[in-house]
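Next comes coords02.cif, a file with mmCIF, C-alpha atoms and all ligand atoms.
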data_upload
#
loop_
_atom_site.group_PDB
_atom_site.id
_atom_site.type_symbol
_atom_site.label_atom_id
_atom_site.label_comp_id
_atom_site.auth_asym_id
_atom_site.auth_seq_id
_atom_site.Cartn_x
_atom_site.Cartn_y
_atom_site.Cartn_z
ATOM 1 C CA MET D 1 122.024 98.359 122.172
ATOM 2 C CA ARG D 2 121.152 98.835 118.522
ATOM 3 C CA ILE D 3 118.386 96.794 116.862
ATOM 4 C CA ILE D 4 118.672 96.212 113.109
ATOM 5 C CA ALA D 5 115.936 94.411 111.141
ATOM 6 C CA VAL D 6 116.936 92.736 107.874
ATOM 7 C CA ALA D 7 113.840 93.033 105.718
ATOM 8 C CA ASN D 8 112.552 92.782 102.169
ATOM 9 C CA GLN D 9 109.218 91.154 101.358
ATOM 10 C CA LYS D 10 110.820 89.369 98.414
ATOM 11 C CA GLY D 11 112.185 85.891 99.081
ATOM 12 C CA GLY D 12 115.629 84.756 98.039
ATOM 13 C CA VAL D 13 117.268 88.201 98.058
ATOM 14 C CA GLY D 14 119.840 87.392 100.743
ATOM 15 C CA LYS D 15 118.093 88.448 103.980
ATOM 16 C CA THR D 16 119.006 85.361 105.992
ATOM 17 C CA THR D 17 122.518 85.184 104.570
ATOM 18 C CA THR D 18 123.005 88.840 105.459
ATOM 19 C CA ALA D 19 121.530 88.495 108.958
ATOM 20 C CA ILE D 20 123.840 85.553 109.725
ATOM 21 C CA ASN D 21 126.992 87.105 108.342
ATOM 22 C CA VAL D 22 126.387 90.615 109.646
ATOM 23 C CA ALA D 23 125.891 89.071 113.093
ATOM 24 C CA ALA D 24 129.154 87.143 112.699
ATOM 25 C CA GLY D 25 130.971 90.167 111.263
ATOM 26 C CA LEU D 26 129.902 92.491 114.074
ATOM 27 C CA SER D 27 130.846 89.901 116.684
ATOM 28 C CA GLU D 28 134.410 89.860 115.337
ATOM 29 C CA PHE D 29 134.708 93.421 116.624
ATOM 30 C CA GLY D 30 134.075 92.036 120.092
ATOM 31 C CA TYR D 31 130.418 93.039 120.218
ATOM 32 C CA ARG D 32 127.829 90.754 121.765
ATOM 33 C CA ILE D 33 125.161 89.959 119.206
ATOM 34 C CA LEU D 34 121.657 88.560 119.491
ATOM 35 C CA LEU D 35 120.159 87.228 116.271
ATOM 36 C CA VAL D 36 116.371 86.903 116.293
ATOM 37 C CA ASP D 37 115.039 84.412 113.758
ATOM 38 C CA LEU D 38 111.597 85.642 112.750
ATOM 39 C CA ASP D 39 111.112 83.414 109.713
ATOM 40 C CA PRO D 40 109.043 80.203 110.081
ATOM 41 C CA GLN D 41 111.568 78.547 107.741
ATOM 42 C CA GLY D 42 114.168 78.876 110.495
ATOM 43 C CA ASN D 43 117.079 79.168 108.061
ATOM 44 C CA ALA D 44 119.024 81.568 110.268
ATOM 45 C CA SER D 45 118.731 79.068 113.138
ATOM 46 C CA THR D 46 119.994 76.242 110.915
ATOM 47 C CA GLY D 47 122.766 78.467 109.572
ATOM 48 C CA PHE D 48 123.994 79.028 113.125
ATOM 49 C CA GLY D 49 123.972 75.385 114.087
ATOM 50 C CA ILE D 50 120.691 75.130 116.003
ATOM 51 C CA ALA D 51 119.196 71.787 114.944
ATOM 52 C CA PRO D 52 115.397 71.630 114.634
ATOM 53 C CA THR D 53 115.246 69.244 117.619
ATOM 54 C CA ASP D 54 116.987 71.882 119.755
ATOM 55 C CA ARG D 55 114.326 74.479 119.015
ATOM 56 C CA THR D 56 112.121 73.639 121.967
ATOM 57 C CA VAL D 57 111.659 77.285 122.906
ATOM 58 C CA THR D 58 111.470 79.691 119.975
ATOM 59 C CA SER D 59 110.571 83.189 118.816
ATOM 60 C CA TYR D 60 106.986 81.937 118.564
ATOM 61 C CA ASP D 61 106.879 81.294 122.323
ATOM 62 C CA LEU D 62 108.305 84.755 122.859
ATOM 63 C CA LEU D 63 105.633 86.457 120.730
ATOM 64 C CA LEU D 64 102.862 84.407 122.312
ATOM 65 C CA GLU D 65 104.244 85.423 125.723
ATOM 66 C CA GLN D 66 104.652 81.791 126.639
ATOM 67 C CA SER D 67 108.343 82.259 127.474
ATOM 68 C CA THR D 68 110.497 85.089 128.721
ATOM 69 C CA ILE D 69 113.234 86.357 126.430
ATOM 70 C CA GLY D 70 115.944 84.836 128.627
ATOM 71 C CA GLU D 71 114.371 81.414 128.175
ATOM 72 C CA THR D 72 114.429 81.679 124.374
ATOM 73 C CA ILE D 73 118.083 82.720 123.910
ATOM 74 C CA LYS D 74 120.495 79.991 122.818
ATOM 75 C CA GLU D 75 124.210 79.970 122.222
ATOM 76 C CA SER D 76 125.128 79.777 118.513
ATOM 77 C CA SER D 77 127.996 77.982 116.779
ATOM 78 C CA PHE D 78 129.906 81.294 116.610
ATOM 79 C CA PRO D 79 131.633 83.145 119.466
ATOM 80 C CA ASN D 80 129.745 86.180 120.841
ATOM 81 C CA VAL D 81 126.585 85.375 118.879
ATOM 82 C CA TRP D 82 123.399 84.196 120.579
ATOM 83 C CA ILE D 83 120.181 83.344 118.828
ATOM 84 C CA ILE D 84 116.461 83.161 119.405
ATOM 85 C CA PRO D 85 115.594 80.318 117.037
ATOM 86 C CA ALA D 86 112.472 79.802 114.958
ATOM 87 C CA ASN D 87 110.537 76.881 113.590
ATOM 88 C CA SER D 88 107.344 76.368 111.629
ATOM 89 C CA ASP D 89 105.214 77.194 114.708
ATOM 90 C CA LEU D 90 105.764 80.789 113.671
ATOM 91 C CA ALA D 91 103.714 80.284 110.516
ATOM 92 C CA SER D 92 100.490 80.543 112.519
ATOM 93 C CA ALA D 93 101.515 83.588 114.574
ATOM 94 C CA ASP D 94 99.481 85.953 112.368
ATOM 95 C CA ILE D 95 96.302 84.024 113.119
ATOM 96 C CA ASP D 96 97.096 83.177 116.725
ATOM 97 C CA LEU D 97 97.672 86.837 117.550
ATOM 98 C CA VAL D 98 94.745 88.352 115.676
ATOM 99 C CA ALA D 99 92.766 89.107 118.843
ATOM 100 C CA ASN D 100 95.772 90.473 120.738
ATOM 101 C CA GLU D 101 95.625 94.266 120.902
ATOM 102 C CA LYS D 102 99.371 94.472 121.427
ATOM 103 C CA ARG D 103 100.085 92.184 118.484
ATOM 104 C CA SER D 104 102.377 94.626 116.611
ATOM 105 C CA PHE D 105 104.336 95.491 119.771
ATOM 106 C CA LEU D 106 105.157 92.039 121.116
ATOM 107 C CA LEU D 107 108.720 91.905 119.824
ATOM 108 C CA HIS D 108 109.244 95.557 120.774
ATOM 109 C CA ASP D 109 108.175 94.871 124.340
ATOM 110 C CA ALA D 110 110.368 91.772 124.579
ATOM 111 C CA LEU D 111 113.484 93.471 123.156
ATOM 112 C CA ARG D 112 113.053 96.754 125.007
ATOM 113 C CA GLY D 113 112.338 95.258 128.411
ATOM 114 C CA ALA D 114 114.549 95.145 131.486
ATOM 115 C CA GLU D 115 115.340 91.440 131.110
ATOM 116 C CA LEU D 116 117.261 91.854 127.852
ATOM 117 C CA ARG D 117 118.901 95.042 129.044
ATOM 118 C CA ASN D 118 120.281 93.131 131.988
ATOM 119 C CA ILE D 119 121.661 90.353 129.781
ATOM 120 C CA GLY D 120 123.376 93.064 127.726
ATOM 121 C CA PHE D 121 123.819 92.905 123.959
ATOM 122 C CA ASP D 122 125.445 95.491 121.712
ATOM 123 C CA PHE D 123 123.453 94.624 118.613
ATOM 124 C CA VAL D 124 120.244 92.746 117.909
ATOM 125 C CA VAL D 125 119.830 91.563 114.305
ATOM 126 C CA ILE D 126 116.365 90.409 113.222
ATOM 127 C CA ASP D 127 115.945 88.079 110.235
ATOM 128 C CA CYS D 128 112.491 88.788 108.751
ATOM 129 C CA PRO D 129 110.305 86.448 106.685
ATOM 130 C CA PRO D 130 109.658 87.181 102.985
ATOM 131 C CA SER D 131 106.429 89.120 103.533
ATOM 132 C CA LEU D 132 105.098 92.306 105.077
ATOM 133 C CA SER D 133 103.009 90.308 107.514
ATOM 134 C CA LEU D 134 102.595 90.782 111.251
ATOM 135 C CA LEU D 135 106.037 89.252 111.852
ATOM 136 C CA THR D 136 107.810 91.852 109.730
ATOM 137 C CA VAL D 137 105.640 94.574 111.279
ATOM 138 C CA ASN D 138 106.788 93.405 114.720
ATOM 139 C CA ALA D 139 110.398 93.674 113.561
ATOM 140 C CA LEU D 140 109.884 97.164 112.104
ATOM 141 C CA VAL D 141 108.146 98.380 115.248
ATOM 142 C CA ALA D 142 110.871 96.948 117.474
ATOM 143 C CA CYS D 143 113.975 98.058 115.556
ATOM 144 C CA ASP D 144 116.041 101.217 115.332
ATOM 145 C CA SER D 145 116.823 100.712 111.666
ATOM 146 C CA VAL D 146 116.148 98.483 108.652
ATOM 147 C CA LEU D 147 118.816 96.926 106.475
ATOM 148 C CA VAL D 148 117.359 96.101 103.064
ATOM 149 C CA PRO D 149 119.118 93.490 100.915
ATOM 150 C CA LEU D 150 118.534 94.100 97.222
ATOM 151 C CA GLN D 151 119.376 91.286 94.843
ATOM 152 C CA SER D 152 121.031 92.612 91.740
ATOM 153 C CA GLU D 153 118.507 91.398 89.201
ATOM 154 C CA PHE D 154 115.770 92.892 87.049
ATOM 155 C CA PHE D 155 112.733 94.335 88.930
ATOM 156 C CA ALA D 156 114.698 94.498 92.185
ATOM 157 C CA LEU D 157 113.926 98.194 92.659
ATOM 158 C CA GLU D 158 110.200 97.829 91.921
ATOM 159 C CA GLY D 159 109.661 95.714 95.032
ATOM 160 C CA LEU D 160 111.355 98.317 97.169
ATOM 161 C CA SER D 161 108.596 100.960 96.959
ATOM 162 C CA GLN D 162 106.136 98.729 98.809
ATOM 163 C CA LEU D 163 108.616 98.205 101.629
ATOM 164 C CA MET D 164 109.312 101.956 101.777
ATOM 165 C CA LEU D 165 105.572 102.644 102.088
ATOM 166 C CA THR D 166 105.294 100.177 104.951
ATOM 167 C CA ILE D 167 108.265 101.813 106.666
ATOM 168 C CA ARG D 168 106.592 105.210 106.265
ATOM 169 C CA ASP D 169 103.339 103.883 107.752
ATOM 170 C CA ILE D 170 105.121 102.429 110.749
ATOM 171 C CA ARG D 171 107.017 105.657 111.246
ATOM 172 C CA LYS D 172 103.706 107.551 111.339
ATOM 173 C CA THR D 173 102.092 105.184 113.789
ATOM 174 C CA ALA D 174 104.247 102.996 115.987
ATOM 175 C CA ASN D 175 107.929 103.850 115.525
ATOM 176 C CA PRO D 176 108.702 107.499 114.644
ATOM 177 C CA GLN D 177 112.456 106.915 115.091
ATOM 178 C CA LEU D 178 112.612 104.117 112.499
ATOM 179 C CA ARG D 179 115.502 104.659 110.112
ATOM 180 C CA ILE D 180 116.832 102.987 107.007
ATOM 181 C CA GLU D 181 120.240 101.638 107.897
ATOM 182 C CA GLY D 182 120.995 101.064 104.235
ATOM 183 C CA VAL D 183 120.251 99.139 101.077
ATOM 184 C CA LEU D 184 122.689 96.317 100.433
ATOM 185 C CA ILE D 185 123.313 95.044 96.912
ATOM 186 C CA THR D 186 123.593 91.265 97.159
ATOM 187 C CA MET D 187 124.688 88.531 94.751
ATOM 188 C CA ALA D 188 126.403 91.097 92.557
ATOM 189 C CA ASP D 189 128.230 89.826 89.509
ATOM 190 C CA GLY D 190 130.708 92.355 88.164
ATOM 191 C CA ARG D 191 130.932 90.565 84.808
ATOM 192 C CA ASN D 192 127.191 90.651 84.248
ATOM 193 C CA ARG D 193 125.863 93.816 82.592
ATOM 194 C CA LEU D 194 122.394 93.505 84.124
ATOM 195 C CA SER D 195 123.883 93.211 87.600
ATOM 196 C CA GLN D 196 126.012 96.313 86.961
ATOM 197 C CA GLN D 197 122.956 98.178 85.685
ATOM 198 C CA VAL D 198 120.874 97.326 88.772
ATOM 199 C CA GLU D 199 123.646 98.581 91.013
ATOM 200 C CA ALA D 200 124.027 101.794 88.987
ATOM 201 C CA ASP D 201 120.238 102.398 89.080
ATOM 202 C CA ALA D 202 120.092 101.772 92.818
ATOM 203 C CA ARG D 203 122.930 104.219 93.467
ATOM 204 C CA GLU D 204 121.353 106.819 91.188
ATOM 205 C CA ASN D 205 117.901 106.537 92.773
ATOM 206 C CA LEU D 206 118.783 105.893 96.394
ATOM 207 C CA GLY D 207 122.075 107.733 96.709
ATOM 208 C CA ASP D 208 123.723 107.490 100.112
ATOM 209 C CA LEU D 209 121.173 104.966 101.264
ATOM 210 C CA VAL D 210 123.063 102.275 99.345
ATOM 211 C CA PHE D 211 125.959 100.738 101.257
ATOM 212 C CA GLU D 212 129.323 101.238 99.648
ATOM 213 C CA THR D 213 129.972 97.545 100.220
ATOM 214 C CA THR D 214 128.325 95.158 97.783
ATOM 215 C CA ILE D 215 128.112 91.414 98.358
ATOM 216 C CA PRO D 216 129.382 89.412 95.381
ATOM 217 C CA ARG D 217 127.765 86.194 94.257
ATOM 218 C CA ASN D 218 130.099 83.617 95.780
ATOM 219 C CA VAL D 219 129.536 79.885 96.003
ATOM 220 C CA ARG D 220 131.189 79.670 99.446
ATOM 221 C CA VAL D 221 128.435 81.945 100.815
ATOM 222 C CA SER D 222 125.758 79.523 99.645
ATOM 223 C CA GLU D 223 127.656 76.447 100.853
ATOM 224 C CA ALA D 224 128.225 77.698 104.415
ATOM 225 C CA PRO D 225 124.671 77.108 105.791
ATOM 226 C CA SER D 226 124.848 73.395 105.015
ATOM 227 C CA TYR D 227 127.828 73.282 107.396
ATOM 228 C CA ALA D 228 125.790 75.261 109.950
ATOM 229 C CA MET D 229 128.285 78.124 109.900
ATOM 230 C CA PRO D 230 128.513 81.729 108.736
ATOM 231 C CA VAL D 231 130.777 82.066 105.694
ATOM 232 C CA LEU D 232 133.091 84.053 107.984
ATOM 233 C CA SER D 233 134.054 80.812 109.703
ATOM 234 C CA TYR D 234 133.370 78.352 106.856
ATOM 235 C CA ASP D 235 135.795 80.105 104.500
ATOM 236 C CA PRO D 236 137.192 83.221 106.187
ATOM 237 C CA GLN D 237 139.292 84.261 103.160
ATOM 238 C CA SER D 238 136.526 83.897 100.574
ATOM 239 C CA LYS D 239 135.257 86.904 98.649
ATOM 240 C CA GLY D 240 131.904 86.545 100.408
ATOM 241 C CA ALA D 241 133.434 86.536 103.889
ATOM 242 C CA GLU D 242 135.563 89.558 103.039
ATOM 243 C CA ALA D 243 132.534 91.446 101.756
ATOM 244 C CA TYR D 244 130.471 90.753 104.882
ATOM 245 C CA ARG D 245 133.388 91.776 107.084
ATOM 246 C CA LYS D 246 133.627 95.021 105.147
ATOM 247 C CA LEU D 247 129.890 95.551 105.584
ATOM 248 C CA ALA D 248 130.186 95.047 109.336
ATOM 249 C CA LEU D 249 132.964 97.659 109.406
ATOM 250 C CA GLU D 250 130.789 100.027 107.385
ATOM 251 C CA LEU D 251 127.940 99.487 109.848
ATOM 252 C CA VAL D 252 130.150 100.143 112.841
ATOM 253 C CA THR D 253 131.557 103.271 111.195
ATOM 254 C CA ARG D 254 128.116 104.527 110.103
ATOM 255 C CA HIS D 255 126.930 104.065 113.614
ATOM 256 C CA LYS D 256 129.105 106.755 114.857
ATOM 257 C CA LYS D 257 127.520 109.120 112.328
ATOM 258 C CA THR D 258 123.783 109.675 112.232
ATOM 259 C CA ALA D 259 121.948 107.009 110.253
ATOM 260 C CA VAL D 260 120.477 108.274 107.009
ATOM 261 C CA ARG D 261 116.804 109.089 107.016
ATOM 262 C CA ALA D 262 114.805 108.233 103.885
HETATM 263 P P1 LIG N 301 116.211 85.279 101.846
HETATM 264 O O1 LIG N 301 116.457 85.106 103.299
HETATM 265 O O2 LIG N 301 116.015 86.698 101.422
HETATM 266 O O3 LIG N 301 115.092 84.405 101.346
HETATM 267 P P2 LIG N 301 118.700 83.845 101.489
HETATM 268 O O4 LIG N 301 119.695 84.554 102.320
HETATM 269 O O5 LIG N 301 118.121 82.585 102.042
HETATM 270 O O6 LIG N 301 117.528 84.813 101.045
HETATM 271 O O7 LIG N 301 119.388 83.573 100.082
HETATM 272 C C1 LIG N 301 118.708 82.913 99.031
HETATM 273 C C2 LIG N 301 119.657 81.913 98.367
HETATM 274 O O8 LIG N 301 120.736 82.599 97.768
HETATM 275 C C3 LIG N 301 120.263 80.940 99.356
HETATM 276 O O9 LIG N 301 120.369 79.694 98.755
HETATM 277 C C4 LIG N 301 121.643 81.523 99.627
HETATM 278 O O10 LIG N 301 122.581 80.552 99.991
HETATM 279 C C5 LIG N 301 121.969 82.147 98.299
HETATM 280 N N1 LIG N 301 122.847 83.308 98.446
HETATM 281 C C6 LIG N 301 122.637 84.408 99.215
HETATM 282 N N2 LIG N 301 123.660 85.282 99.106
HETATM 283 C C7 LIG N 301 124.539 84.728 98.232
HETATM 284 C C8 LIG N 301 125.798 85.148 97.690
HETATM 285 N N3 LIG N 301 126.367 86.294 98.023
HETATM 286 N N4 LIG N 301 126.420 84.310 96.817
HETATM 287 C C9 LIG N 301 125.854 83.138 96.475
HETATM 288 N N5 LIG N 301 124.684 82.692 96.933
HETATM 289 C C10 LIG N 301 124.019 83.468 97.806
HETATM 290 MG MG MG N 302 115.339 84.076 104.737
#
Reformat the file's structure so that it appears as structure tokens.
Amino acid sequence: MRIIAVANQKGGVGKTTTAINVAAGLSEFGYRILLVDLDPQGNASTGFGIAPTDRTVTSYDLLLEQSTIGETIKESSFPNVWIIPANSDLASADIDLVANEKRSFLLHDALRGAELRNIGFDFVVIDCPPSLSLLTVNALVACDSVLVPLQSEFFALEGLSQLMLTIRDIRKTANPQLRIEGVLITMADGRNRLSQQVEADARENLGDLVFETTIPRNVRVSEAPSYAMPVLSYDPQSKGAEAYRKLALELVTRHKKTAVRA
């Protein structure tokens, strides 16, 4: 089982979209995928067809140790993808867990325990909130690698150094094996010079860390969540669906090599 956290403290860069569609893309290879929604906004849950009224047991209950992991897992609207949903309860997790000595390890302990091993997933994908708060720390402590979406716009690279520092800290303290799975350029627009420049800068500065696949800006990608589906099922032939399928293939292929270490 491989655990991949999708993280970037900036909002609106394509984390949730990537978590949903990477989960869907990997599942098309026949893998069993668990998506963990760790954002109080619950957009990944909505995007996979879990209505707010169905989120009776959530990732919040898991972190607060009020439910076992088996109790929190729900079937999604996509074959081979299961989800631990989130709702706004999660917004108070930082405060509710302040006195808990294990507070950074709660997700780690839940995902690395015997119960999940017995259920048996090939990949766990974690959708992080737009912050470097306790929730993201839990994801970084629990995961094998981080996938970092980078929106192709001005200042995109500046925000990355803070995330890299956090990753380094966590490597020194709680998760020495933590790797960077890759940086994914999202919402790329080949006709826009700024977008091209951001991609060129990222490749120059980050080298092999940048996925070969880039995700184009594509309206079908942004429409899909309102139909509670990944773009892979909403419009399987769209440019966005093709790009996420290619990314999933790249991930599967990279897996067989050693992940790059930053
Ligand atoms: P985050 O989770 O980082 O906050 P989201 O995945 O929610 O970001 O994306 C932010 C917005 O951009 C959403 O409205 C989403 O539908 C849209 N979006 C993301 N990726 C694309 C894309 N490739 N093409 C068009 N719109 C996109
Ligand atoms: Mg999000």
Q: Could the residues that lie within 6 Å of ligand MG 302 (chain N), counting only C-alpha atoms and all ligand atoms, be listed as a ChimeraX atom specification?
A: /D:15-16,129
Write the residues you've just listed into a file as a PDB file, keeping the file's coordinate frame, and include C-alpha atoms for each of them.
ATOM      1  CA  LYS D  15     118.093  88.448 103.980  1.00  0.00           C
ATOM      2  CA  THR D  16     119.006  85.361 105.992  1.00  0.00           C
ATOM      3  CA  PRO D 129     110.305  86.448 106.685  1.00  0.00           C
TER       4      PRO D 129
END
Against stretch 222-235 of chain D, which residues of stretch 10-75 of chain D fall within 12 Å? For each one I want the closest pair of atoms and the distance in Å (one decimal), counting only C-alpha atoms, rows by chain and increasing residue number, as CSV.
residue,atom,partner,partner_atom,distance
D:Gly12,CA,D:Ser222,CA,11.5
D:Gly14,CA,D:Ser222,CA,9.9
D:Thr16,CA,D:Pro225,CA,10.0
D:Thr17,CA,D:Pro230,CA,8.1
D:Thr18,CA,D:Pro230,CA,9.6
D:Ala19,CA,D:Pro230,CA,9.7
D:Ile20,CA,D:Pro230,CA,6.1
D:Asn21,CA,D:Pro230,CA,5.6
D:Val22,CA,D:Pro230,CA,9.2
D:Ala23,CA,D:Pro230,CA,8.9
D:Ala24,CA,D:Pro230,CA,6.7
D:Gly25,CA,D:Leu232,CA,7.3
D:Leu26,CA,D:Leu232,CA,10.9
D:Ser27,CA,D:Leu232,CA,10.7
D:Glu28,CA,D:Leu232,CA,9.5
D:Gly42,CA,D:Pro225,CA,11.6
D:Asn43,CA,D:Pro225,CA,8.2
D:Ala44,CA,D:Pro225,CA,8.5
D:Ser45,CA,D:Ala228,CA,8.6
D:Thr46,CA,D:Ala228,CA,6.0
D:Gly47,CA,D:Ala228,CA,4.4
D:Phe48,CA,D:Ala228,CA,5.2
D:Gly49,CA,D:Ala228,CA,4.5
D:Ile50,CA,D:Ala228,CA,7.9
D:Ala51,CA,D:Ala228,CA,9.0
D:Pro52,CA,D:Ala228,CA,12.0
Q. Could you spell out the hits of the PyMOL selection byres (((chain D and resi 65) around 12) and not hetatm) on the shown file, as a PyMOL selection string?
A. chain D and resi 57-64+66-69+71-72+93+96-97+100+102-103+105-107+109-110
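Going from atom CA of D:Asn192 to atom CA of D:Thr213 covers 17.6 Å.
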Q.
Just the number, please: distance in Å from atom CA of D:Val13 to atom P1 of ligand LIG 301 (chain N), one decimal.
A. 4.9 Å
Go ahead and fit an axis-aligned box to every listed atom of ligand LIG 301 (chain N) plus 6 Å each side, and pass me the centre and edge lengths in Å, one decimal, as JSON.
{"center_x": 120.8, "center_y": 83.2, "center_z": 99.9, "size_x": 23.3, "size_y": 19.0, "size_z": 18.8}
Q.
Using all atoms listed in the file, can you tell me which of D:Leu206, D:Val148, D:Val252, D:Ile119 comes closest to ligand LIG 301 (chain N)?
A. D:Val148
Q: Name every residue that the PyMOL selection byres (((chain D and resi 157) around 12) and not hetatm) selects in this structure, writing the answer as an MDAnalysis selection string with chains first and numbers rising.
A: chainID D and resid 8 10 13 148:156 158:164 183:185 197:206
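With atom CA of D:Leu35 on one side and atom CA of D:Arg2 on the other, the separation reads 11.9 Å.
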Could you give me stretch 82-95 of chain D completed to N, CA, C and O atoms, formatted as a PDB file, in the coordinates of the input?
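Wrote result-v4.pdb, looks like this:
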ATOM      1  N   TRP D  82     124.483  84.972 120.012  1.00  0.00           N
ATOM      2  CA  TRP D  82     123.399  84.196 120.579  1.00  0.00           C
ATOM      3  C   TRP D  82     122.199  84.286 119.644  1.00  0.00           C
ATOM      4  O   TRP D  82     122.135  85.213 118.822  1.00  0.00           O
ATOM      5  N   ILE D  83     121.287  83.360 119.785  1.00  0.00           N
ATOM      6  CA  ILE D  83     120.181  83.344 118.828  1.00  0.00           C
ATOM      7  C   ILE D  83     118.865  82.959 119.495  1.00  0.00           C
ATOM      8  O   ILE D  83     118.848  82.126 120.412  1.00  0.00           O
ATOM      9  N   ILE D  84     117.812  83.612 119.054  1.00  0.00           N
ATOM     10  CA  ILE D  84     116.461  83.161 119.405  1.00  0.00           C
ATOM     11  C   ILE D  84     115.968  82.426 118.165  1.00  0.00           C
ATOM     12  O   ILE D  84     115.723  83.044 117.119  1.00  0.00           O
ATOM     13  N   PRO D  85     115.892  81.091 118.245  1.00  0.00           N
ATOM     14  CA  PRO D  85     115.594  80.318 117.037  1.00  0.00           C
ATOM     15  C   PRO D  85     114.119  80.365 116.639  1.00  0.00           C
ATOM     16  O   PRO D  85     113.279  80.850 117.404  1.00  0.00           O
ATOM     17  N   ALA D  86     113.852  79.871 115.441  1.00  0.00           N
ATOM     18  CA  ALA D  86     112.472  79.802 114.958  1.00  0.00           C
ATOM     19  C   ALA D  86     112.214  78.436 114.350  1.00  0.00           C
ATOM     20  O   ALA D  86     113.139  77.755 113.893  1.00  0.00           O
ATOM     21  N   ASN D  87     110.956  78.050 114.364  1.00  0.00           N
ATOM     22  CA  ASN D  87     110.537  76.881 113.590  1.00  0.00           C
ATOM     23  C   ASN D  87     109.164  77.170 112.985  1.00  0.00           C
ATOM     24  O   ASN D  87     108.660  78.297 113.085  1.00  0.00           O
ATOM     25  N   SER D  88     108.575  76.146 112.403  1.00  0.00           N
ATOM     26  CA  SER D  88     107.344  76.368 111.629  1.00  0.00           C
ATOM     27  C   SER D  88     106.156  76.776 112.506  1.00  0.00           C
ATOM     28  O   SER D  88     105.136  77.223 111.971  1.00  0.00           O
ATOM     29  N   ASP D  89     106.276  76.678 113.820  1.00  0.00           N
ATOM     30  CA  ASP D  89     105.214  77.194 114.708  1.00  0.00           C
ATOM     31  C   ASP D  89     104.855  78.632 114.331  1.00  0.00           C
ATOM     32  O   ASP D  89     103.712  79.056 114.417  1.00  0.00           O
ATOM     33  N   LEU D  90     105.909  79.361 113.937  1.00  0.00           N
ATOM     34  CA  LEU D  90     105.764  80.789 113.671  1.00  0.00           C
ATOM     35  C   LEU D  90     104.797  81.076 112.524  1.00  0.00           C
ATOM     36  O   LEU D  90     104.252  82.181 112.417  1.00  0.00           O
ATOM     37  N   ALA D  91     104.581  80.079 111.684  1.00  0.00           N
ATOM     38  CA  ALA D  91     103.714  80.284 110.516  1.00  0.00           C
ATOM     39  C   ALA D  91     102.287  80.639 110.918  1.00  0.00           C
ATOM     40  O   ALA D  91     101.567  81.294 110.167  1.00  0.00           O
ATOM     41  N   SER D  92     101.869  80.251 112.115  1.00  0.00           N
ATOM     42  CA  SER D  92     100.490  80.543 112.519  1.00  0.00           C
ATOM     43  C   SER D  92     100.398  81.768 113.439  1.00  0.00           C
ATOM     44  O   SER D  92      99.320  82.089 113.933  1.00  0.00           O
ATOM     45  N   ALA D  93     101.508  82.455 113.639  1.00  0.00           N
ATOM     46  CA  ALA D  93     101.515  83.588 114.574  1.00  0.00           C
ATOM     47  C   ALA D  93     100.505  84.664 114.170  1.00  0.00           C
ATOM     48  O   ALA D  93      99.787  85.206 115.021  1.00  0.00           O
ATOM     49  N   ASP D  94     100.427  84.949 112.867  1.00  0.00           N
ATOM     50  CA  ASP D  94      99.481  85.953 112.368  1.00  0.00           C
ATOM     51  C   ASP D  94      98.062  85.672 112.859  1.00  0.00           C
ATOM     52  O   ASP D  94      97.362  86.579 113.320  1.00  0.00           O
ATOM     53  N   ILE D  95      97.663  84.429 112.737  1.00  0.00           N
ATOM     54  CA  ILE D  95      96.302  84.024 113.119  1.00  0.00           C
ATOM     55  C   ILE D  95      96.170  83.948 114.629  1.00  0.00           C
ATOM     56  O   ILE D  95      95.209  84.441 115.211  1.00  0.00           O
TER      57      ILE D  95
END
